[in-house]
Amino acid sequence: MSEPPMPEAAARFLSSPEGRAVVRGARLRAHLPATVEDDLAQEVLRRLCATDADRLQAVDNLAALVTTVARRAAVDLVRGRVRGPQEVVRSTLVDPDAEVRVPSLDGASPLDVEADVVGGALLAEIRRRVLAMAGDDPARAAAALAYLAITCDGAVPGDGCPRPAGGASPDEAAAWAALWYAGHRDCFTATPTVGAAAVRKRRSRRTGRLRALLRDVAAAVGLDREGAHHG
Amino acid sequence: MVEPLLGTRPLLADCHPAAGVATLSARPAGPAGSAGITLADGLELDVDVADPATLVGLTLEWATDGAGGLEPPPQHRRALEVLLGGDRAAQLAASLHGRPDADGWVGCRLGDGAHLARGVAPGLHRAALAVAGAGTAGVPTAVRGIALAEAAAELAPVAERLPAVGAVVRDWLAGAADLVVETLAEGTFAVPEHAAAPVGRLLRRVARLAATPPLAGARFAALARELDEGAHRAPPPRRRPVGTLAATASSGSPIAPGGELTVDRDGLPGLVAGAVVTGRRCGTSEVEVRIARFGDRRDLWARALDRSDRTVVAMGPFRPEGDDAVALLLVPPDAMGRVALEVTERPGDEPASAALSTVTRAVQEGVAAARAERLGDRRAALGAWHRCAHAWAAAGDPARAEDARRLASQLRGPRSSWPERVVPPLVVDRLLAGLGP
């Protein structure tokens with residue numbers, strides 16, 4: 001029988017008596033209260049899931065790895081941080097204007113499903129996936145969440161939000177609002193150095209990245225143009 | 001005999017040979033938590049924030065190749081001798097061959113010095129405090145850079161005895177040059193008047209460090225001169241008219257436009273922990289989150305969480321609006337009655353649990369209290385210790401709550417009579433105290 005994937009194996013280990021003892025040990029060594037133990041275990045699992053898959057697959061002593069990760073998580077908490085070490089010099093890893101291959105803006109919505117299909121728990125799962133898949137590019141995640149709020153929940157952008165000229169599709173209007181709420185103000189304002197054409201192109205590129213993210217998320221949760229796959 | 005850099009107080013060692021980790025500490029962190037720095041790859045130091053000469057953790061990690069390596073890596077042996085002293089370093093190495101308990105840990109006591117013996121060298125603990133200041137959430141870029149420069153200036157003399165930290169000092173100097181020179185030159189940050197002289201002295205000190213690249217050194221020196229001449233200085237803070245905050249904080253149903261929404265105060269990061277943060281519904285779906293008098297905080301984000309399942313339903317960056325920082329969120333109308341608002345410097349992360357947020361809030365209040373102590377601001381320190389005690393009690397840690405109250409009770413009489421644990425202020429302390437309301 002083949003070994004389970006690492007995140008699954010780690011989750012199984014953390015819920016075992018041995019795994020719980022490892023997390024409890026890390027908590028006790030940092031003199032943290034018992035109230036945080038379950039959440040500390042959850043944080044350990046999150047860090048393991050965020051670790052490079054190839055690196056994890058090379059690990060042959062899961063208990064030792066979890067011991068180290070649990071200790072680091074407990075130390076970070078004592079340093080007043082839940083999520084990993086302090087970032088002092090922050091590097092920008094994401095180019096918001098990077099080109100992605102996307103269908104025409106006149107095409108179907110990237111989440112081309114009925115709002116009632118994308119309801120309840122599924123919509124919550126889509127939002128969680130958005131954060132998980134675009135966590136390194138918060139502006140892109142923010143745009144996707146705003147887009148979902150408009151297209152699936154009927155949210156109405158405020159008066160200050162720019163709108164495309166008459167004749168634009170609802171999808172395009174939603175994309176404009178999504179970029180606006182994500183903080184991409186430079187997609188709407190021409191300046192003496194950046195003309196209207198350049199602003200249009202920038203908006204188009206970032207809309208493309210938004211649509212690509214939504215399509216990836218839709219695929220990850222089993223949605224396609226016919227709706228959700230079940231089973 | 002040369003004294004070890006970590007002093008001569010007795011230490012407890014806790015080693016897990018199979019996991020390749022060993023930790024030494026004089027005692028656990030107090031209510032203000034710890035400040036940590038990486039001294040070299042696989043070697044970290046943590047000191048107590050409220051009593052920084054006290055070692056909370058010296059952590060050594062090494063690759064075990066799954067077999068359970070029983071020796072610290074050779075490149076750290078010399079560093080351990082300088083940090084601990086030869087005898088204690090040998091004791092630590094021997095302890096790794098002891099019989100582990102059921103969970104794989106081996107413990108031992110190192111040294112028998114008195115608890116009042118000398119603690120962690122000032123260069124190390126002040127560098128750790130400065131780096132913690134640089135990492136405070138919500139801090140302007142230039143302040144991060146100045147803190148990093150201060151950390152480098154404090155740690156640089158240590159590099160003479162501990163060459164391993166030389167690379168760390170060089171990294172910090174490079175980061176500081178990028179962060180300070182650009183932001184001050186661009187005019188996106190101005191140094192408060194009361195901190196201008198100490199910042200100028202720090203920049204001159206950093207410019208003279210041997211590890212500072214010549215170009216960066218020249219730029220630091222030029223900035224120091226410009227500061228002396230009155231450039232890069234902030235005007236005195238404007239006073240907000242009385243009553244404005246009360247109006248902002250007026251309550252109302254979140255269902256109706258204008259209604260106030262809950263802000264998760266436990267989760268407020270670092271610098272804005274004590275700020276007035278309000279959330280208000282502006283229309284059918286739009287929510288405004290405002291941090292009063294915190295101006296330009298572009299590294300902070302607001303998020304709306306559905307309290308029923310802690311899903312993030314909306315997020316947006318803060319932008320300056322007058323003296324305030326403001327974020328606009330587009331929230332699903334049906335969720336409006338269920339959302340809690342939070343401010344975070346890590347918008348891409350899943351929301352932290354309430355239990356973890358309470359602990360980090362307690363630590364941040366302790367950090368603020370310790371900073372106020374260093375600056376001699378008794379009133380601010382007492383207030384922060386009180387909030388720190390309250391948060392630790394809420395987190396289920398009555399011992400740390402009691403410790404916070406005990407530390408507050410030590411602040412009697414003039415500053416000169418306060419306990420020795422309160423060290424002189426850092427330059428970054430003055431800058432952080434000058435930010436916000």
# chains A, B, ... in the order shown; residues from 1 in each chain; ligands from 1
>>> residues_around(residues="Asp51 (chain B)", least_positions_apart="3", cutoff="7 Å", atoms="only C-alpha atoms", output="list in words")
Asp48, Thr54, Arg421 and Val422 of chain B
>>> write_last_selection(atoms="C-alpha atoms", output="compact mmCIF listing (two decimals), in the first residue's frame")
# COMPACT_ATOMS: atom_id res chain seq x y z
CA ASP B 48 12.64 38.46 27.69
CA THR B 54 17.33 37.27 30.77
CA ARG B 421 15.56 45.05 34.24
CA VAL B 422 14.34 48.32 32.67
>>> closest_atom_pairs(of="chain A", to="chain B", cutoff="8 Å", atoms="only C-alpha atoms", output="CSV")
residue,atom,partner,partner_atom,distance
A:Ala21,CA,B:Asp103,CA,7.7
A:Val22,CA,B:Asp103,CA,7.3
A:Ala30,CA,B:Pro28,CA,6.6
A:His31,CA,B:Pro28,CA,6.6
A:Leu32,CA,B:Asp397,CA,7.5
A:Pro33,CA,B:Asp397,CA,5.5
A:Ala34,CA,B:Gly396,CA,7.4
A:Thr35,CA,B:Gly396,CA,6.4
A:Val36,CA,B:Ala355,CA,5.7
A:Asp39,CA,B:Ser353,CA,6.7
A:Leu40,CA,B:Leu356,CA,7.9
A:Val59,CA,B:Gly66,CA,7.8
A:Asp60,CA,B:Gly66,CA,6.1
A:Asn61,CA,B:Gly66,CA,5.8
A:Ala63,CA,B:Ala19,CA,7.9
A:Ala64,CA,B:Ala19,CA,4.2
A:Leu65,CA,B:Ala19,CA,6.6
A:Thr67,CA,B:Ala19,CA,6.7
A:Thr68,CA,B:Ala19,CA,6.5
A:Leu77,CA,B:Thr360,CA,6.5
A:Val78,CA,B:Gly33,CA,4.9
A:Arg79,CA,B:Ser34,CA,4.9
A:Gly80,CA,B:Thr360,CA,4.4
A:Arg81,CA,B:Thr360,CA,6.0
A:Val82,CA,B:Leu356,CA,6.7
A:Arg83,CA,B:Asp349,CA,7.7
A:Gln86,CA,B:Gly135,CA,5.2
A:Glu87,CA,B:Gly135,CA,6.0
A:Val88,CA,B:Gly135,CA,5.1
A:Val89,CA,B:Gly175,CA,6.3
A:Ala124,CA,B:Thr311,CA,6.5
A:Arg127,CA,B:Val313,CA,6.8
A:Arg128,CA,B:Thr311,CA,6.5
A:Leu131,CA,B:Gly348,CA,6.0
A:Ala132,CA,B:Gly348,CA,7.5
A:Ala134,CA,B:Gly348,CA,7.0
A:Gly135,CA,B:Gly348,CA,3.7
A:Asp136,CA,B:Gly348,CA,6.1
A:Asp137,CA,B:Gly348,CA,7.1
A:Pro138,CA,B:Gly348,CA,5.4
A:Ala139,CA,B:Gly316,CA,7.5
A:Ala141,CA,B:Gly348,CA,7.7
A:Ala142,CA,B:Met315,CA,5.2
A:Leu145,CA,B:Ala314,CA,5.6
A:Ala146,CA,B:Leu330,CA,5.8
A:Ala149,CA,B:Pro332,CA,5.1
A:Ile150,CA,B:Pro332,CA,7.5
A:Asp153,CA,B:Pro332,CA,5.5
A:Gly154,CA,B:Pro332,CA,6.9
A:Ala155,CA,B:Pro332,CA,5.2
A:Val156,CA,B:Ser285,CA,5.6
A:Pro157,CA,B:Glu286,CA,6.6
A:Gly158,CA,B:Glu286,CA,6.0
A:Tyr181,CA,B:Gly316,CA,6.1
A:Ala182,CA,B:Gly316,CA,5.3
A:Gly183,CA,B:Pro317,CA,6.1
>>> residues_around(residues="region 76-86 of chain B", least_positions_apart="4", cutoff="8 Å", atoms="only C-alpha atoms", output="PyMOL selection string")
chain B and resi 3-8+43+72+90+161-162+164
>>> select_by_dssp(residues="region 36-251 of chain B", states="strand (DSSP E)", output="count of residues only")
27
>>> closest_residue(among="B:Pro320, B:Gly376, B:Pro122, B:Ile291", to="Ser417 (chain B)", atoms="only C-alpha atoms")
B:Gly376
>>> atom_distance(atom1="CA of Ala212 (chain A)", atom2="CA of Ala198 (chain A)")
21.1 Å
>>> closest_residue(among="B:Arg307, B:Arg338, B:Arg293, B:Arg170", to="Gly322 (chain B)", atoms="only C-alpha atoms")
B:Arg293
>>> residues_around(residues="region 203-218 of chain B", least_positions_apart="6", cutoff="10 Å", atoms="only C-alpha atoms", output="ChimeraX atom specification")
/B:146,149-154,156-157,166-167,169-174,176-178,180-181,197,224-225,227
>>> select_by_dssp(residues="region 158-197 of chain A", states="helix (DSSP H, G or I)", output="number ranges by chain")
A: 170-181, 185-187, 196-197
>>> atom_distance(atom1="CA of Glu373 (chain B)", atom2="CA of Ala50 (chain B)")
8.7 Å
